[in-house]
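Notes follow once the structure below has been shown.
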Amino acid sequence: MKYVVILGDGMADYPQATLGGKTPLELAKKPNIDALCPVSEVGLMKTVPCGMKPGSDVANLSVLGYNPKDCYSGRSPLEAGSIGIDLKDTDVTARANLVTLSNEANFEDKSMVDYSAGEISTEEAKILIEYLAEKLNDDKNKLYAGVSYRHCYVMDKGEIAGDMTPPHDITGKPIKEYLPTSEQGKRYIEVMKKSVELLKEHPINLDRIKRGKNPATSLWFWGEGTKPKMQNFKERFGISGAMISAVDLLKGIGKLTGMRVIEVEGATGNYDTNFEGKTKACLDALADGVDYVYIHMEAPDECGHHGDAEHKIFSIEQIDKLVVGPIKEELEKRGEPFVLLIAPDHPTPISTMTHCSDPVPYVIYRSDKKVDSGVLSYTEENAKATGVFLEHGYEITDKLING
């Protein structure tokens with residue numbers, strides 16, 4: 001038996017007045033997913049446990065089969081695993097975004113213009129982070145380059161600030177009321193202020209401005225945590241696993257759980273990603289003996305954060321056309337029974353441009369055991385109408401494997 005999880009990050013949404021009262025899932029042309037619904041289990045699952053924030057870290061851990069309340073210790077330590085940072089038990093890490101802030105002279109008066117510095121390229125970001133590291137690193141605090149705007153700050157025997165705000169939650173808002181107030185938080189602010197001065201005239205930023213792109217004007221710290229304790233995926237579930245993603249968070253989860261982490265050329269984490277490349281990587285891994293492949297696609301989430309309904313719909317359509325359809329067709333040709341799970345990790349509504357904790361719609365298709373769901377298309381409302389509800393989302397992997 002082969003298992004494939006096709007995860008459209010942030011794919012679920014709310015009905016939007018600008019979309020005629022529909023959601024992107026309702027408007028997207030997705031014939032392959034819709035064709036699975038009548039013969040699959042369709043329902044809702046709660047991926048964010050009560051009392052936890054609806055981050056992609058918590059939600060993807062759930063979909064992967066791990067109870068976040070047992071193993072979650074913060075977002076940035078998971079990303080550190082992807083970058084290859086060997087954390088000590090006493091380290092504290094923070095996600096360091098390269099962001100675009102408005103140009104007021106006083107740091108506290110600035111607003112969050114762009115949490116991703118215009119989706120800055122990994123190549124440009126690496127130059128900027130290495131430059132900042134040269135100026136800011138010391139014996140106890142070190143900055144490491146990651147992917148695009150996502151980087152990592154590690155503090156030896158550090159402290160948790162505890163009141164850090166994700167920059168994608170405050171797009172367009174003044175930062176003053178979201179700055180941390182603890183002693184550690186004040187230390188973060190000092191580093192951010194230094195980064196503003198260092199980045200101001202950097203050639204990379206001057207060139208981005210010339211090209212009409214948002215410059216990376218500051219670091220922004222959030223997502224703190226300590227070294228996580230993650231059970232090996234194969235030991236936990238008895239099958240081998242592989243992770244395919246463009247983002248450090250999922251690659252880090254994959255590495256920390258002992259999964260094979262597969263790099264795909266042209267995987268960007270946005271709607272211009274290499275969907276076909278991810279499909280090929282999945283099918284190759286399954287042919288090479290891997291039992292379970294988790295394909296994570298960030299594109300719908302990024303579009304949700306930007307309030308971009310058009311490209312969110314486009315991303316869903318690409319997932320249907322270039323991932324779901326070809327994978328099902330090829331696995332049918334191979335003749336081995338397989339299970340497909342199609343789901344988001346959490347909703348990222350285009351109206352709010354941030355994550356929420358609402359349950360998400362899922363489809364489980366078993367090639368050797370079709371069921372009559374009565375559902376004709378994959379939407380939030382249709383999934384809710386089935387009455388099927390998985391209260392603990394982390395039980396989904398056991399459900400896939402054991403039925």
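Residues in the structure tokens are numbered from 1 in each chain, the chains being A, B, ... in the order shown, and ligands are numbered from 1 in the order shown.
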
Practice item. List the neighbours of Cys37 of chain A out to 10 Å using only C-alpha atoms; skip same-chain residues closer than 3 positions along the sequence, and give me the result as a list of chain:residue names. Key: A:Asn32, A:Ile33, A:Asp34, A:Ser40, A:Glu41, A:Val42, A:Tyr362, A:Val363, A:Ile364, A:Tyr365, A:Val371, A:Asp372, A:Ser373, A:Gly374, A:Val375, A:Leu376, A:Ser377, A:Tyr378, A:Thr379, A:Asn382, A:Ala383

Point to revise | Ile253 of chain A environment, 9 Å, only C-alpha atoms, sequence neighbours closer than 4 positions dropped, as a count of residues only | key: 14

Point to revise | Proximity to Lys200 of chain A - best of A:Cys71, A:Leu219, A:Leu44, A:Leu36, only C-alpha atoms | key: A:Leu219

**Study point:** segment 174-190 of chain A environment, 6 Å, only C-alpha atoms, sequence neighbours closer than 3 positions dropped, as an MDAnalysis selection string
**Key:** chainID A and resid 108 110:111 161 163:164 193

Rows by chain and residue number, segment 165-273 of chain A within 12 Å of segment 113-125 of chain A, shortest pair, only C-alpha atoms, as CSV:
```
residue,atom,partner,partner_atom,distance
A:Thr165,CA,A:Tyr115,CA,11.4
A:Pro166,CA,A:Tyr115,CA,8.6
A:Pro167,CA,A:Tyr115,CA,5.3
A:His168,CA,A:Tyr115,CA,5.4
A:Asp169,CA,A:Tyr115,CA,8.7
A:Ile170,CA,A:Tyr115,CA,8.4
A:Thr171,CA,A:Val113,CA,5.9
A:Gly172,CA,A:Val113,CA,5.4
A:Lys173,CA,A:Val113,CA,7.9
A:Pro174,CA,A:Val113,CA,9.2
A:Ile175,CA,A:Val113,CA,10.0
A:Leu199,CA,A:Ala125,CA,11.4
A:His202,CA,A:Glu124,CA,11.0
A:Pro203,CA,A:Glu124,CA,10.2
A:Ile204,CA,A:Glu124,CA,6.7
A:Asn205,CA,A:Glu124,CA,9.0
A:Leu206,CA,A:Glu124,CA,11.9
A:Asp207,CA,A:Glu124,CA,10.4
A:Arg208,CA,A:Ile120,CA,9.1
A:Ile209,CA,A:Gly118,CA,10.5
A:Arg211,CA,A:Gly118,CA,11.4
A:Gly212,CA,A:Gly118,CA,9.8
A:Lys213,CA,A:Gly118,CA,6.1
A:Asn214,CA,A:Gly118,CA,4.9
A:Pro215,CA,A:Ala117,CA,5.7
A:Ala216,CA,A:Ala117,CA,4.9
A:Thr217,CA,A:Ala117,CA,7.7
A:Ser218,CA,A:Ala117,CA,8.9
A:Leu219,CA,A:Tyr115,CA,9.9
A:Trp220,CA,A:Tyr115,CA,8.6
A:Phe221,CA,A:Tyr115,CA,11.1
A:Trp222,CA,A:Tyr115,CA,11.7
A:Ala246,CA,A:Thr122,CA,11.3
A:Val247,CA,A:Thr122,CA,11.2
A:Asp248,CA,A:Thr122,CA,11.7
A:Gly266,CA,A:Thr122,CA,11.6
A:Ala267,CA,A:Thr122,CA,11.5
A:Thr268,CA,A:Ser121,CA,9.0
A:Gly269,CA,A:Glu119,CA,9.6
A:Asn270,CA,A:Glu119,CA,8.9
A:Tyr271,CA,A:Glu119,CA,11.6
A:Asp272,CA,A:Glu119,CA,11.6
```

Practice item. Would you list, as a PyMOL selection string, the residues of segment 71-229 of chain A that end up in strand (DSSP E) under DSSP run on this structure's backbone? Key: chain A and resi 92-101+112-114+141-147+150-155+218-226

**Study point:** Nearest residue to Lys69 of chain A from the set A:Lys126, A:Lys53, A:Lys328, A:Lys369 (distances using only C-alpha atoms)
**Key:** A:Lys53
